[in-house]
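Asks: Provided herewith is a single structure, encoded as structure tokens, for subsequent inquiry.
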Amino acid sequence: MRKFTLSIACCLLCFMVVRAQNDWIKTQREETSKKIKKDDKDTSTRIWRKGLNLNVNINQGTLTNWAAGGDNFSFSLGSTVYAWAFYKEGRRAWDNVADLAYGYINTTSLGGRKSDDRIDLTSKYGYDIGRHWYVSGLVNLRTQFTNGYLYSSDTTPQLTSKFFAPAYVLLSPGFDYKPVPEFSLFLSPATSRFVFVANDLLSKQGAYGVDTGKYFKYEIGAYLSANYVKTVVKNVTYKGRLDLFSNYLHNPQNIVVFFTNAFELKVNKYLSAVLNVDMIYDDNVKVFENKKTGVMGPRLQVKQVIGVGFAAKF
């Protein structure tokens, strides 16, 4: 009987202790919530913003006993990767962008060849000095993944480029203007530009403006880079970039132009259509023949790619 009474007393004591502990925890939560009441207007800020857009487009076709004619087999693959990492804390900002693309096409009559090829890496660090202006430094590398050829119906394909032949490296101190998140304008009065041609054959030809037998060329001049990213209408995004460079050391009036435009139409979570239009003018790229005179010289280079396929954002 004494043991039973003692057991009941112990149970009651434990119950009272647990009840008191629960009441204390509840009271502490209520008091804490009063002290740390979050304002609805408060917004959290992230120091880093990162992301990646991936697009892969595949097309394939076959013809058998097709009276209208055409290639018996065709296959094309196009892919783009756009990755970014943006840092912002206080008055300091650091933007990093990787813009990659590769395309391949194979047909019965033409064989296999690439249709797109780009490596474009940019890193830009800036310090806010007020009124949307930043004192900045920019580093940019632009080259390609694989060999490039000029094709003619009556001659063997001519090698015109390889990985790091050419490669363009920019080292640019200057000022960056960012009035809105969608637009930035970078200006530099003194930019160092290195042109690399890491291939013996192309080096001997003096390709891309390097001296014959040399593997790189140094230039210094004025540089401008304008970037714009905007959702034009619902599910349609435009991304554009215009780079201009004037070499103080040789023919500064012949401005190097690099202009890239991309429209992306988002169909749903995993399907999209992409239109890319790139334009390049470089007076040192003299591999294009004038049909009338037969003289080799520079020309406005235009590349247009349309693709529909898989898309993913991370």
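Residues in the structure tokens are numbered from 1 in each chain, the chains being A, B, ... in the order shown, and ligands are numbered from 1 in the order shown.
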Which residues are near segment 91-97 of chain A? Cut-off 9 Å, only C-alpha atoms, ignore same chain within fewer than 4 positions. Put them as a list in words.
Replies: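 The contact residues come out as Tyr82, Ala83, Trp84, Ala85, Phe86, Tyr87, Asp120, Leu121, Thr122, Ser123, Lys124, Tyr125, Gly126, Tyr127, Asp128, Ile129 and Tyr134 of chain A.
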Asks: Within 7 Å of segment 62-76 of chain A, counting only C-alpha atoms, which residues show up once you throw out same-chain ones fewer than 4 positions away? Write them as a list of chain:residue names, please.
Replies: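 So the residues in contact are A:Ile58, A:Tyr104, A:Ile105, A:Asn106, A:Thr107, A:Thr108, A:Ser109.
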Asks: Deliver the residues from the most recent selection as a file, using C-alpha atoms, as a PDB file, in the first residue's frame.
Replies:
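Just written: part-v4.pdb:
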```
ATOM      1  CA  ILE A  58      17.933  18.636 -81.143  1.00  0.00           C
ATOM      2  CA  TYR A 104      26.737  20.749 -84.534  1.00  0.00           C
ATOM      3  CA  ILE A 105      25.047  19.747 -87.785  1.00  0.00           C
ATOM      4  CA  ASN A 106      25.414  16.627 -89.921  1.00  0.00           C
ATOM      5  CA  THR A 107      23.797  16.029 -93.312  1.00  0.00           C
ATOM      6  CA  THR A 108      24.251  13.478 -96.069  1.00  0.00           C
ATOM      7  CA  SER A 109      25.543  16.007 -98.599  1.00  0.00           C
TER       8      SER A 109
END
```
Asks: Residues within 12 Å of segment 173-189 of chain A, please, as a PyMOL selection string. Count only C-alpha atoms; anything in the same chain fewer than 6 positions from it doesn't count.
Replies: chain A and resi 86+93-95+123-140+220-232+237-248
Asks: So, with only C-alpha atoms as the atoms that count, which of A:Pro157, A:Leu54, A:Val302, A:Gly294 lies closest to Lys269 of chain A?
Replies: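 The shortest atom-to-atom distance to Lys269 of chain A comes from A:Leu54.
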Asks: Distance atom CA of Asn254 of chain A-atom CA of Ala98 of chain A, one decimal place?
Replies: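 Computing it gives 27.9 Å between the two atoms.
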Asks: Just the strand (DSSP E) stuff from segment 59-285 of chain A, please, per backbone DSSP, written as JSON, numbers by chain.
Replies: {"A": [59, 60, 61, 62, 73, 74, 75, 76, 77, 78, 79, 80, 81, 82, 83, 84, 85, 86, 87, 88, 89, 92, 93, 94, 95, 96, 97, 98, 99, 100, 101, 102, 103, 104, 105, 106, 107, 111, 112, 113, 114, 115, 116, 117, 118, 119, 120, 121, 122, 123, 124, 125, 126, 127, 128, 129, 130, 133, 134, 135, 136, 137, 138, 139, 140, 141, 142, 143, 148, 149, 150, 151, 152, 155, 156, 157, 158, 159, 160, 161, 167, 168, 169, 170, 171, 172, 173, 174, 175, 176, 177, 178, 179, 180, 183, 184, 185, 186, 187, 188, 189, 190, 191, 192, 193, 194, 195, 196, 216, 217, 218, 219, 220, 221, 222, 223, 224, 225, 226, 227, 228, 229, 230, 231, 232, 233, 236, 237, 238, 239, 240, 241, 242, 243, 244, 245, 246, 247, 256, 257, 258, 259, 260, 261, 262, 263, 264, 265, 266, 271, 272, 273, 274, 275, 276, 277, 278, 279, 280, 281]}
